[in-house]
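S.K.: Dropping in entry_21.csv, which is CSV, C-alpha atoms:
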```
chain,number,residue,atom,x,y,z
A,14,MET,CA,36.9,0.7,-8.7
A,15,THR,CA,34.8,0.0,-5.6
A,16,LYS,CA,31.8,-2.2,-6.0
A,17,GLN,CA,28.7,-0.2,-6.6
A,18,HIS,CA,26.0,-0.8,-4.0
A,19,ALA,CA,22.5,-1.5,-5.1
A,20,ASN,CA,20.2,1.5,-4.7
A,21,TRP,CA,17.2,-0.8,-4.4
A,22,SER,CA,16.4,-3.5,-1.8
A,23,PRO,CA,15.2,-6.9,-2.8
A,24,TYR,CA,13.1,-7.0,0.3
A,25,ASP,CA,10.0,-5.1,1.4
A,26,ASN,CA,7.8,-5.6,4.4
A,27,ASN,CA,4.2,-6.0,3.5
A,28,GLY,CA,3.0,-6.1,7.1
A,29,GLY,CA,0.2,-8.0,8.7
A,30,SER,CA,-0.1,-10.3,11.6
A,31,CYS,CA,-0.8,-14.0,12.0
A,32,VAL,CA,-2.0,-16.1,15.0
A,33,ALA,CA,-2.5,-19.8,15.6
A,34,ILE,CA,-3.9,-21.5,18.7
A,35,ALA,CA,-3.9,-25.3,19.3
A,36,GLY,CA,-6.7,-27.0,21.1
A,37,ALA,CA,-7.3,-30.6,22.2
A,38,ASP,CA,-8.9,-31.6,19.0
A,39,TYR,CA,-9.0,-28.4,16.9
A,40,CYS,CA,-6.6,-25.7,15.6
A,41,VAL,CA,-7.5,-22.1,14.9
A,42,ILE,CA,-5.3,-20.1,12.4
A,43,ALA,CA,-6.0,-16.5,11.7
A,44,ALA,CA,-4.5,-13.6,9.8
A,45,ASP,CA,-5.5,-10.1,8.7
A,46,THR,CA,-6.0,-9.4,5.1
A,47,ARG,CA,-4.2,-6.1,4.7
A,48,MET,CA,-1.2,-5.8,2.4
A,49,SER,CA,0.8,-2.6,2.8
A,50,THR,CA,4.1,-1.1,1.7
A,51,GLY,CA,5.7,1.8,3.7
A,52,TYR,CA,2.8,4.0,4.7
A,53,ASN,CA,0.5,2.9,1.9
A,54,ILE,CA,-2.1,0.2,1.7
A,55,LEU,CA,-1.8,-1.8,-1.5
A,56,THR,CA,-4.9,-3.9,-1.1
A,57,ARG,CA,-7.4,-4.6,1.7
A,58,ASP,CA,-8.2,-8.1,0.9
A,59,TYR,CA,-5.3,-10.3,0.4
A,60,SER,CA,-5.2,-13.7,2.0
A,61,LYS,CA,-2.1,-14.7,4.0
A,62,ILE,CA,-3.4,-18.2,4.8
A,63,SER,CA,-2.7,-21.1,2.6
A,64,GLN,CA,-3.8,-24.7,3.1
A,65,LEU,CA,-0.8,-27.0,2.5
A,66,ALA,CA,-2.4,-30.3,3.3
A,67,GLU,CA,-5.7,-31.6,4.5
A,68,LYS,CA,-4.9,-31.1,8.1
A,69,CYS,CA,-2.2,-28.4,7.8
A,70,VAL,CA,-2.6,-24.7,7.3
A,71,MET,CA,0.1,-22.1,7.1
A,72,ALA,CA,-0.2,-18.3,7.8
A,73,SER,CA,2.7,-16.1,6.8
A,74,SER,CA,3.4,-12.4,7.0
A,75,GLY,CA,6.4,-10.5,5.8
A,76,PHE,CA,7.5,-9.9,2.2
A,77,GLN,CA,4.6,-11.0,0.0
A,78,ALA,CA,6.6,-12.2,-3.0
A,79,ASP,CA,8.7,-14.5,-0.8
A,80,VAL,CA,5.6,-15.8,1.0
A,81,LYS,CA,4.0,-16.6,-2.4
A,82,ALA,CA,7.1,-18.4,-3.6
A,83,LEU,CA,7.4,-20.3,-0.3
A,84,GLN,CA,3.7,-21.4,-0.6
A,85,LYS,CA,4.3,-22.6,-4.1
A,86,VAL,CA,7.5,-24.5,-3.2
A,87,LEU,CA,5.8,-26.3,-0.3
A,88,SER,CA,2.8,-27.2,-2.4
A,89,ALA,CA,5.0,-28.7,-5.0
A,90,LYS,CA,7.0,-30.6,-2.5
A,91,HIS,CA,3.8,-31.9,-0.9
A,92,LEU,CA,2.6,-33.1,-4.3
A,93,THR,CA,5.8,-35.0,-4.8
A,94,TYR,CA,5.5,-36.5,-1.4
A,95,GLN,CA,2.0,-37.6,-2.1
A,96,HIS,CA,3.1,-39.3,-5.4
A,97,GLN,CA,6.0,-41.1,-3.7
A,98,HIS,CA,4.3,-42.2,-0.4
A,99,ASN,CA,0.7,-42.5,-1.5
A,100,LYS,CA,-0.5,-40.4,1.5
A,101,GLU,CA,-0.8,-36.8,2.6
A,102,MET,CA,1.9,-35.3,4.8
A,103,SER,CA,1.2,-35.0,8.5
A,104,CYS,CA,1.4,-31.7,10.1
A,105,PRO,CA,4.7,-32.4,12.0
A,106,ALA,CA,6.2,-33.7,8.8
A,107,MET,CA,5.2,-30.5,7.0
A,108,ALA,CA,6.7,-28.5,9.9
A,109,GLN,CA,10.1,-30.1,9.3
A,110,LEU,CA,9.8,-29.6,5.6
A,111,LEU,CA,9.0,-25.9,6.1
A,112,SER,CA,12.0,-25.5,8.4
A,113,ASN,CA,14.3,-27.2,5.9
A,114,THR,CA,13.0,-25.1,3.0
A,115,LEU,CA,13.6,-21.9,5.0
A,116,TYR,CA,17.1,-22.9,6.0
A,117,TYR,CA,18.0,-23.9,2.4
A,118,LYS,CA,17.9,-20.2,1.7
A,119,ARG,CA,19.9,-19.3,4.8
A,120,PHE,CA,22.1,-16.8,3.0
A,121,PHE,CA,19.4,-15.1,1.0
A,122,PRO,CA,16.4,-15.8,3.2
A,123,TYR,CA,12.7,-15.9,2.5
A,124,TYR,CA,11.5,-12.8,4.4
A,125,ALA,CA,8.5,-14.7,5.7
A,126,PHE,CA,7.4,-15.1,9.3
A,127,ASN,CA,5.2,-18.2,9.5
A,128,VAL,CA,2.9,-20.0,11.8
A,129,LEU,CA,1.9,-23.5,10.9
A,130,GLY,CA,-1.2,-25.0,12.4
A,131,GLY,CA,-3.0,-28.2,12.1
A,132,LEU,CA,-3.8,-31.6,13.6
A,133,ASP,CA,-1.1,-34.1,14.3
A,134,SER,CA,-1.5,-37.8,13.5
A,135,GLU,CA,-3.4,-38.3,16.8
A,136,GLY,CA,-5.9,-35.6,16.0
A,137,LYS,CA,-4.6,-33.2,18.6
A,138,GLY,CA,-4.1,-29.6,17.6
A,139,CYS,CA,-0.5,-28.5,16.9
A,140,VAL,CA,1.0,-25.1,16.2
A,141,PHE,CA,4.6,-24.6,15.0
A,142,THR,CA,6.2,-21.2,15.0
A,143,TYR,CA,9.1,-20.1,12.8
A,144,ASP,CA,11.6,-17.3,12.2
A,145,ALA,CA,12.8,-16.3,8.8
A,146,VAL,CA,15.5,-18.8,8.5
A,147,GLY,CA,13.7,-21.9,9.8
A,148,SER,CA,14.3,-22.4,13.5
A,149,TYR,CA,11.0,-23.8,14.8
A,150,GLU,CA,9.3,-25.0,17.9
A,151,ARG,CA,6.0,-26.8,18.6
A,152,VAL,CA,3.9,-24.6,20.9
A,153,GLY,CA,0.4,-24.3,22.1
A,154,TYR,CA,-0.2,-20.9,20.5
A,155,SER,CA,1.8,-18.3,18.6
A,156,SER,CA,1.7,-15.1,16.7
A,157,GLN,CA,4.0,-13.6,14.0
A,158,GLY,CA,4.2,-10.5,12.0
A,159,SER,CA,3.9,-6.8,12.7
A,160,GLY,CA,1.3,-7.1,15.4
A,161,SER,CA,3.0,-10.0,17.2
A,162,THR,CA,4.6,-7.8,19.8
A,163,LEU,CA,1.1,-6.6,20.8
A,164,ILE,CA,-0.6,-10.0,20.4
A,165,MET,CA,1.9,-12.4,22.0
A,166,PRO,CA,1.9,-11.0,25.6
A,167,PHE,CA,-1.9,-11.1,25.5
A,168,LEU,CA,-2.0,-14.7,24.4
A,169,ASP,CA,0.6,-15.5,27.1
A,170,ASN,CA,-1.6,-14.0,29.7
A,171,GLN,CA,-4.7,-15.8,28.5
A,172,LEU,CA,-3.4,-19.2,27.6
A,173,LYS,CA,-0.4,-19.6,30.0
A,174,SER,CA,1.4,-22.4,28.2
A,175,PRO,CA,3.5,-24.6,30.4
A,176,SER,CA,7.2,-24.2,29.9
A,177,PRO,CA,8.8,-26.8,27.5
A,178,LEU,CA,11.5,-27.2,30.1
A,179,LEU,CA,9.2,-28.8,32.7
A,180,LEU,CA,9.4,-32.5,33.4
A,181,PRO,CA,7.3,-34.5,33.1
A,182,ALA,CA,6.3,-33.0,29.7
A,183,LYS,CA,3.0,-31.2,30.0
A,184,ASP,CA,0.6,-30.9,27.2
A,185,ALA,CA,1.0,-27.6,25.3
A,186,VAL,CA,-2.6,-27.4,24.1
A,187,THR,CA,-5.0,-25.0,25.5
A,188,PRO,CA,-8.0,-26.1,27.6
A,189,LEU,CA,-10.2,-23.6,25.8
A,190,SER,CA,-13.1,-24.8,23.7
A,191,GLU,CA,-13.2,-24.1,20.0
A,192,THR,CA,-15.7,-21.2,20.2
A,193,GLU,CA,-13.8,-19.7,23.1
A,194,ALA,CA,-10.6,-19.9,21.1
A,195,VAL,CA,-12.2,-18.2,18.0
A,196,ASP,CA,-13.6,-15.4,20.2
A,197,LEU,CA,-10.1,-14.9,21.7
A,198,VAL,CA,-8.6,-14.6,18.3
A,199,LYS,CA,-11.2,-12.0,17.3
A,200,THR,CA,-10.6,-10.0,20.4
A,201,VAL,CA,-6.8,-10.2,19.9
A,202,PHE,CA,-7.0,-8.9,16.4
A,203,ALA,CA,-9.4,-6.1,17.3
A,204,SER,CA,-6.9,-4.9,19.9
A,205,ALA,CA,-3.9,-5.3,17.6
A,206,THR,CA,-5.7,-3.3,14.8
A,207,GLU,CA,-6.1,-0.3,17.2
A,208,ARG,CA,-2.4,0.2,17.6
A,209,ASP,CA,-0.6,-1.5,14.7
A,210,ILE,CA,-0.9,0.4,11.5
A,211,TYR,CA,-0.1,-2.6,9.4
A,212,THR,CA,-3.0,-4.7,10.8
A,213,GLY,CA,-6.6,-4.2,9.9
A,214,ASP,CA,-9.2,-4.3,7.2
A,215,ASN,CA,-10.5,-7.9,7.5
A,216,LEU,CA,-9.8,-10.9,9.5
A,217,GLU,CA,-9.7,-14.4,8.0
A,218,ILE,CA,-10.0,-17.2,10.5
A,219,VAL,CA,-9.5,-20.9,9.6
A,220,ILE,CA,-10.7,-23.6,12.0
A,221,LEU,CA,-9.4,-27.1,11.5
A,222,ASN,CA,-11.0,-30.0,13.3
A,223,ALA,CA,-11.9,-33.6,12.9
A,224,SER,CA,-14.9,-32.8,10.8
A,225,GLY,CA,-12.9,-30.7,8.3
A,226,ILE,CA,-12.0,-27.1,7.7
A,227,ARG,CA,-14.1,-24.0,8.2
A,228,ARG,CA,-13.5,-20.4,7.4
A,229,GLU,CA,-14.8,-17.3,9.2
A,230,TYR,CA,-14.4,-13.6,8.3
A,231,MET,CA,-14.6,-10.6,10.5
A,232,ASP,CA,-14.4,-6.9,9.7
A,233,LEU,CA,-11.6,-5.0,11.3
A,234,ARG,CA,-10.9,-1.2,11.5
A,235,LYS,CA,-9.9,0.1,8.1
A,236,ASP,CA,-7.8,3.0,9.3
B,200,MET,CA,24.5,-14.9,-7.6
B,201,ASP,CA,26.8,-13.4,-10.1
B,202,SER,CA,25.4,-14.9,-13.2
B,203,VAL,CA,25.5,-11.4,-14.9
B,204,SER,CA,28.6,-9.3,-14.7
B,205,GLU,CA,28.6,-6.1,-12.6
B,206,SER,CA,28.5,-3.8,-15.6
B,207,GLN,CA,25.4,-5.5,-17.1
B,208,ARG,CA,23.1,-5.3,-14.0
B,209,THR,CA,20.4,-2.7,-14.0
B,210,LEU,CA,21.4,-0.1,-11.4
B,211,TYR,CA,18.9,2.6,-12.1
B,212,PRO,CA,16.3,3.2,-14.7
B,213,TYR,CA,17.0,5.6,-17.6
B,214,VAL,CA,13.9,6.2,-19.7
B,215,THR,CA,10.8,5.8,-17.6
B,216,GLY,CA,7.1,5.9,-18.0
B,217,SER,CA,4.9,7.3,-15.2
B,218,SER,CA,1.8,5.8,-13.7
B,219,VAL,CA,-0.8,3.4,-15.1
B,220,VAL,CA,-4.3,3.3,-13.6
B,221,ALA,CA,-6.8,0.5,-14.2
B,222,ILE,CA,-10.3,-0.5,-13.0
B,223,LYS,CA,-12.8,-3.3,-13.4
B,224,TYR,CA,-16.1,-2.2,-14.7
B,225,LYS,CA,-19.4,-3.9,-15.5
B,226,ASP,CA,-18.3,-5.6,-18.7
B,227,GLY,CA,-14.5,-5.8,-18.2
B,228,ILE,CA,-11.4,-3.8,-17.6
B,229,LEU,CA,-10.4,-0.2,-18.3
B,230,MET,CA,-6.8,0.9,-18.3
B,231,ALA,CA,-5.2,4.2,-18.9
B,232,ALA,CA,-1.6,5.5,-19.1
B,233,ASP,CA,-0.1,8.6,-20.5
B,234,MET,CA,2.3,8.4,-23.5
B,235,GLY,CA,5.4,10.1,-22.1
B,236,GLY,CA,8.8,8.6,-21.8
B,237,SER,CA,11.0,10.7,-19.5
B,238,TYR,CA,14.8,10.7,-19.5
B,239,GLY,CA,15.4,11.9,-16.0
B,240,SER,CA,13.6,15.2,-15.8
B,241,THR,CA,13.5,15.7,-19.5
B,242,LEU,CA,10.4,14.7,-21.5
B,243,ARG,CA,12.2,12.8,-24.1
B,244,TYR,CA,9.5,10.8,-25.9
B,245,LYS,CA,6.0,11.9,-26.2
B,246,SER,CA,4.4,9.0,-28.1
B,247,VAL,CA,5.4,5.9,-26.1
B,248,GLU,CA,2.7,3.2,-26.1
B,249,ARG,CA,2.7,1.8,-22.6
B,250,LEU,CA,-0.4,-0.3,-22.9
B,251,LYS,CA,-0.2,-3.4,-25.1
B,252,PRO,CA,-2.6,-6.3,-25.7
B,253,ILE,CA,-1.4,-9.7,-24.8
B,254,GLY,CA,-3.0,-12.7,-26.6
B,255,LYS,CA,-6.7,-12.6,-27.0
B,256,HIS,CA,-7.7,-11.8,-23.5
B,257,SER,CA,-5.3,-9.4,-21.7
B,258,LEU,CA,-3.9,-5.9,-21.6
B,259,LEU,CA,-0.5,-5.1,-20.1
B,260,GLY,CA,0.4,-1.7,-18.9
B,261,ALA,CA,3.8,-0.8,-17.6
B,262,SER,CA,5.5,2.0,-15.8
B,263,GLY,CA,9.2,2.3,-15.1
B,264,GLU,CA,12.0,1.5,-17.4
B,265,ILE,CA,10.8,1.4,-21.0
B,266,SER,CA,13.5,-0.8,-22.3
B,267,ASP,CA,12.7,-3.4,-19.7
B,268,PHE,CA,9.1,-3.2,-20.8
B,269,GLN,CA,10.2,-4.0,-24.3
B,270,GLU,CA,12.1,-6.9,-23.0
B,271,ILE,CA,9.0,-8.2,-21.2
B,272,MET,CA,7.1,-7.8,-24.4
B,273,ARG,CA,9.6,-10.0,-26.1
B,274,TYR,CA,9.2,-12.7,-23.4
B,275,LEU,CA,5.4,-12.5,-23.7
B,276,ASP,CA,5.4,-12.6,-27.5
B,277,GLU,CA,7.3,-15.9,-27.2
B,278,LEU,CA,4.9,-17.2,-24.6
B,279,ILE,CA,1.9,-16.3,-26.7
B,280,LEU,CA,3.5,-17.8,-29.8
B,281,TYR,CA,4.1,-21.1,-28.1
B,282,ASP,CA,0.6,-21.0,-26.7
B,283,ASN,CA,-0.8,-20.5,-30.2
B,284,MET,CA,1.4,-23.2,-31.7
B,285,TRP,CA,-0.3,-25.8,-29.5
B,286,ASP,CA,-3.4,-25.0,-31.6
B,287,ASP,CA,-5.6,-26.6,-29.0
B,288,GLY,CA,-8.4,-24.1,-28.8
B,289,ASN,CA,-7.2,-23.0,-25.3
B,290,SER,CA,-5.5,-19.7,-24.9
B,291,LEU,CA,-3.7,-18.1,-21.9
B,292,GLY,CA,-6.0,-15.9,-19.9
B,293,PRO,CA,-5.0,-12.9,-17.8
B,294,LYS,CA,-4.6,-14.9,-14.6
B,295,GLU,CA,-2.0,-17.1,-16.3
B,296,VAL,CA,-0.1,-14.3,-17.9
B,297,HIS,CA,-0.1,-12.5,-14.6
B,298,ASN,CA,1.3,-15.6,-12.9
B,299,TYR,CA,4.0,-15.9,-15.6
B,300,LEU,CA,5.0,-12.3,-15.2
B,301,THR,CA,5.1,-12.6,-11.4
B,302,ARG,CA,7.5,-15.5,-11.7
B,303,VAL,CA,9.7,-13.7,-14.2
B,304,MET,CA,9.9,-10.6,-12.1
B,305,TYR,CA,10.6,-12.5,-8.9
B,306,ASN,CA,13.3,-14.6,-10.5
B,307,ARG,CA,15.1,-11.6,-11.9
B,308,ARG,CA,15.0,-9.9,-8.5
B,309,ASN,CA,16.5,-13.1,-7.0
B,310,LYS,CA,19.4,-12.8,-9.3
B,311,PHE,CA,19.8,-9.1,-8.3
B,312,ASN,CA,19.1,-8.0,-11.9
B,313,PRO,CA,15.5,-6.8,-11.8
B,314,LEU,CA,13.3,-5.6,-14.6
B,315,TRP,CA,12.7,-2.1,-13.4
B,316,ASN,CA,8.9,-2.0,-14.0
B,317,SER,CA,5.6,-2.0,-12.2
B,318,LEU,CA,3.1,-3.9,-14.4
B,319,VAL,CA,-0.6,-3.9,-14.5
B,320,LEU,CA,-2.2,-6.9,-16.1
B,321,GLY,CA,-6.0,-6.9,-16.8
B,322,GLY,CA,-8.3,-9.0,-18.9
B,323,VAL,CA,-11.5,-10.9,-19.4
B,324,LYS,CA,-11.7,-14.6,-20.1
B,325,LYS,CA,-15.0,-16.5,-20.4
B,326,GLY,CA,-16.8,-13.6,-18.7
B,327,GLN,CA,-14.4,-13.6,-15.7
B,328,LYS,CA,-12.7,-10.2,-15.2
B,329,TYR,CA,-9.2,-10.2,-13.8
B,330,LEU,CA,-7.0,-7.3,-12.7
B,331,GLY,CA,-3.6,-7.7,-11.1
B,332,THR,CA,-0.3,-6.0,-10.7
B,333,VAL,CA,3.3,-7.0,-10.2
B,334,ASN,CA,6.3,-4.8,-9.4
B,335,MET,CA,10.0,-5.0,-9.8
B,336,ILE,CA,10.6,-7.0,-6.6
B,337,GLY,CA,7.8,-9.4,-7.2
B,338,ILE,CA,5.1,-8.1,-5.0
B,339,ASN,CA,1.8,-9.0,-6.7
B,340,PHE,CA,-1.9,-8.9,-6.0
B,341,GLU,CA,-5.2,-8.5,-7.7
B,342,ASP,CA,-7.9,-6.1,-6.8
B,343,ASN,CA,-10.8,-4.2,-8.3
B,344,HIS,CA,-8.7,-1.2,-9.0
B,345,VAL,CA,-4.9,-0.8,-9.3
B,346,ALA,CA,-2.4,1.9,-10.0
B,347,THR,CA,1.4,2.1,-10.2
B,348,GLY,CA,3.8,4.6,-9.0
B,349,LEU,CA,2.4,8.0,-8.1
B,350,GLY,CA,-1.0,6.7,-9.2
B,351,ASN,CA,-1.1,4.7,-6.0
B,352,HIS,CA,-0.9,7.9,-4.0
B,353,LEU,CA,-3.1,10.1,-6.2
B,354,ALA,CA,-5.5,7.9,-8.1
B,355,ARG,CA,-6.3,5.1,-5.7
B,356,PRO,CA,-8.0,7.3,-3.1
B,357,ILE,CA,-10.3,8.6,-5.8
B,358,LEU,CA,-11.0,5.1,-7.0
B,359,ARG,CA,-11.6,3.8,-3.4
B,360,ASP,CA,-14.2,6.5,-3.0
B,361,GLU,CA,-16.0,6.3,-6.3
B,362,TRP,CA,-15.6,2.8,-7.6
B,363,ASN,CA,-18.5,0.4,-7.6
B,364,GLU,CA,-19.3,-2.9,-9.1
B,365,ASN,CA,-21.6,-1.7,-11.9
B,366,LEU,CA,-19.8,1.1,-13.6
B,367,THR,CA,-20.8,1.5,-17.2
B,368,PHE,CA,-18.2,2.1,-19.8
B,369,GLU,CA,-18.8,5.8,-19.9
B,370,GLU,CA,-18.8,6.2,-16.1
B,371,GLY,CA,-15.5,4.1,-16.0
B,372,VAL,CA,-13.9,6.3,-18.7
B,373,ARG,CA,-14.9,9.4,-16.8
B,374,LEU,CA,-13.5,8.0,-13.6
B,375,LEU,CA,-10.2,7.2,-15.3
B,376,GLU,CA,-10.1,10.6,-17.0
B,377,LYS,CA,-10.5,12.2,-13.6
B,378,CYS,CA,-7.6,10.2,-12.2
B,379,MET,CA,-5.4,11.0,-15.2
B,380,ARG,CA,-6.2,14.7,-14.8
B,381,VAL,CA,-5.1,14.7,-11.2
B,382,LEU,CA,-1.9,12.9,-12.2
B,383,LEU,CA,-1.3,15.5,-14.9
B,384,TYR,CA,-1.7,18.3,-12.4
B,385,ARG,CA,0.5,16.8,-9.8
B,386,ASP,CA,3.0,14.3,-11.4
B,387,ARG,CA,5.9,16.2,-13.0
B,388,SER,CA,6.5,13.3,-15.4
B,389,ALA,CA,3.0,13.1,-16.8
B,390,VAL,CA,2.1,14.3,-20.2
B,391,ASN,CA,-1.3,15.3,-21.6
B,392,LYS,CA,-1.6,12.6,-24.2
B,393,ILE,CA,-3.1,9.4,-22.9
B,394,GLN,CA,-3.8,6.0,-24.3
```
Go ahead and render the structure in this file as structure tokens.
M.R.:
Amino acid sequence: MTKQHANWSPYDNNGGSCVAIAGADYCVIAADTRMSTGYNILTRDYSKISQLAEKCVMASSGFQADVKALQKVLSAKHLTYQHQHNKEMSCPAMAQLLSNTLYYKRFFPYYAFNVLGGLDSEGKGCVFTYDAVGSYERVGYSSQGSGSTLIMPFLDNQLKSPSPLLLPAKDAVTPLSETEAVDLVKTVFASATERDIYTGDNLEIVILNASGIRREYMDLRKD
Amino acid sequence: MDSVSESQRTLYPYVTGSSVVAIKYKDGILMAADMGGSYGSTLRYKSVERLKPIGKHSLLGASGEISDFQEIMRYLDELILYDNMWDDGNSLGPKEVHNYLTRVMYNRRNKFNPLWNSLVLGGVKKGQKYLGTVNMIGINFEDNHVATGLGNHLARPILRDEWNENLTFEEGVRLLEKCMRVLLYRDRSAVNKIQ
């Protein structure tokens, strides 16, 4: 008897877009708050951003249950790290941890597309971008999720990050000021909302800098 | 992944309940579901209780496979029992129960043996109202109004239009009745007896 194939899929795409931009001494992470399935909207005000450590924030889009589980796993591992090392994890350390956690489930992946943003141990902004199975790269800016195909080219145009192949290694962080970067993020999401059906409702922006963490919200189109 | 043999995995649901609709109102939560259990396209059972109280603070409503709902009730009964046995004056609130259910549903989906339900969990603890939902693959969220199944398509637009923070009990009941009426008209698996 042939093996019966499942008539249900363990994955679903709940949509949404995430963006992160690194600056000289700040990092901006933003994500919309719409959660959808197929052509329906499930809820208009779901946060995709989670703060993993004091200087480290993750935004994830994709399959919401996997995202939730991933956030829980990382928080738990971070707590263990804090107990064992008596200090918080730095952002680059968390980046490696996230990559390993994703690859651990290489053959039944977390359907989560992540951007990790924060301040590294020197206080400079850092952004790490991931795919669903954990390959990652430190970059100056990134976007993931359903709107990323619309957002990324625009960010490339505005932020023109130097190629990581150049020698001597050039700084990946953007020369923009913090307010300019936040404005850029707002513009970028307003545009993505126009054309991507899965992006919209509300925008949640998190700004990390030396004085701490700040949140901003902006309305997006609800159609 | 094969911890359960092929013949024991849920492949498709047999006896199913249709939608559940729930809203937050001024003093708490209102939830409604009809009392039908369909066996495919036959209306097999007409007095199925799909809303059950959980502990002192919560209400659980389920649509989907009724036998899986009964299994969930067994898990929750055990959970509440242990909670009571601590006898420490604290009791599990709706947020905690919702989290527990989310983990249960997600883990079953990971083992490719899901509980074929969409659940609505609502309650009030210490004046704080909570309304959330989980479905069979683990997608969960909380909101001011939720619905499962066809209710998402038919009832939620009505709720989005007419819901506000300060609904009284009577207004809330009327709103839910309106949603259930629309579901009765348009959902072939709905019955006219509601809980």
S.K.: Do a neighbour search on segment 227-241 of chain B at 6 Å with all atoms listed in the file, toss out local chain neighbours closer than 6 positions, and write the hits as a PyMOL selection string.
M.R.: chain B and resi 213-216+219-221+247-248+328+390+392-394
S.K.: What are the residues of chain B lining chain A at 7 Å or less? Count all atoms listed in the file, and put the answer as a PyMOL selection string.
M.R.: chain B and resi 210+308+336-339+342
S.K.: For Asp267 of chain B, which residue out of B:Gly288, B:Pro212, B:Pro293, B:Gly321 is the nearest one, using only C-alpha atoms?
M.R.: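 Result for the nearest residue to Asp267 of chain B: B:Pro212.
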S.K.: What separation in Å, quoted to one decimal, exists between atom CA of Ile34 of chain A and atom CA of Ser155 of chain A?
M.R.: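 Atom-to-atom, atom CA of Ile34 of chain A and atom CA of Ser155 of chain A are spaced 6.5 Å apart.
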S.K.: Which protein, DNA or RNA residues have an atom at most 10 Å from (-10.8, 3.4, -16.7), counting only C-alpha atoms? List them as a PyMOL selection string.
M.R.: chain B and resi 220-224+228-232+344+358+366+368-379
S.K.: Could you state the separation of atom CA of Arg249 of chain B and atom CA of Ser262 of chain B in Å, given to one decimal place?
M.R.: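 It comes out at 7.4 Å.
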S.K.: How far is it from atom CA of Gly29 of chain A to atom CA of Gln327 of chain B, in Å with one decimal?
M.R.: 29.0 Å
S.K.: Using only C-alpha atoms, which residues sit within 7 Å of segment 156-171 of chain A once same-chain residues fewer than 6 positions away are excluded, as a list in words?
M.R.: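 Surrounding residues, per the criterion: Gly28, Gly29, Ser30, Cys31, Val32, Ala33, Ser74, Gly75, Phe126, Asn127, Val128, Val201, Ala205, Asp209, Tyr211 and Thr212 of chain A.
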S.K.: Which polymer residues, whether protein, DNA or RNA, lie within 10 Å of the coordinate (6.5, -2.0, -25.1) when you count only C-alpha atoms? List them as a VMD selection string, using the chain letters and numbers from the file.
M.R.: chain B and resid 247 to 251 259 to 261 265 to 273
S.K.: Write out as an MDAnalysis selection string which residues come within 7 Å of Leu349 of chain B when counting all atoms listed in the file, dropping same-chain ones fewer than 3 positions away.
M.R.: chainID B and resid 218 352:353
S.K.: For each of B:Asn343, B:Ser246, B:Thr301, B:Thr332, take the minimum atom-to-atom distance to Leu318 of chain B, counting only C-alpha atoms, then give the residue where this is smallest.
M.R.: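 Checking each of B:Asn343, B:Ser246, B:Thr301, B:Thr332 against Leu318 of chain B, counting only C-alpha atoms, the winner is B:Thr332.
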S.K.: Quick one: residues within 6 Å of segment 38-45 of chain A, only C-alpha atoms, excluding same-chain residues fewer than 2 positions away - as JSON, numbers by chain?
M.R.: {"A": [30, 31, 32, 33, 34, 35, 36, 47, 131, 136, 137, 138, 215, 216, 217, 218, 219, 220, 221, 222]}
S.K.: Can you pull out the residues contacting Leu189 of chain A? Cut-off 9 Å, using only C-alpha atoms, and skip same-chain residues under 5 positions away; I want them as a list of chain:residue names.
M.R.: A:Gly36, A:Ala37, A:Leu172, A:Ala194
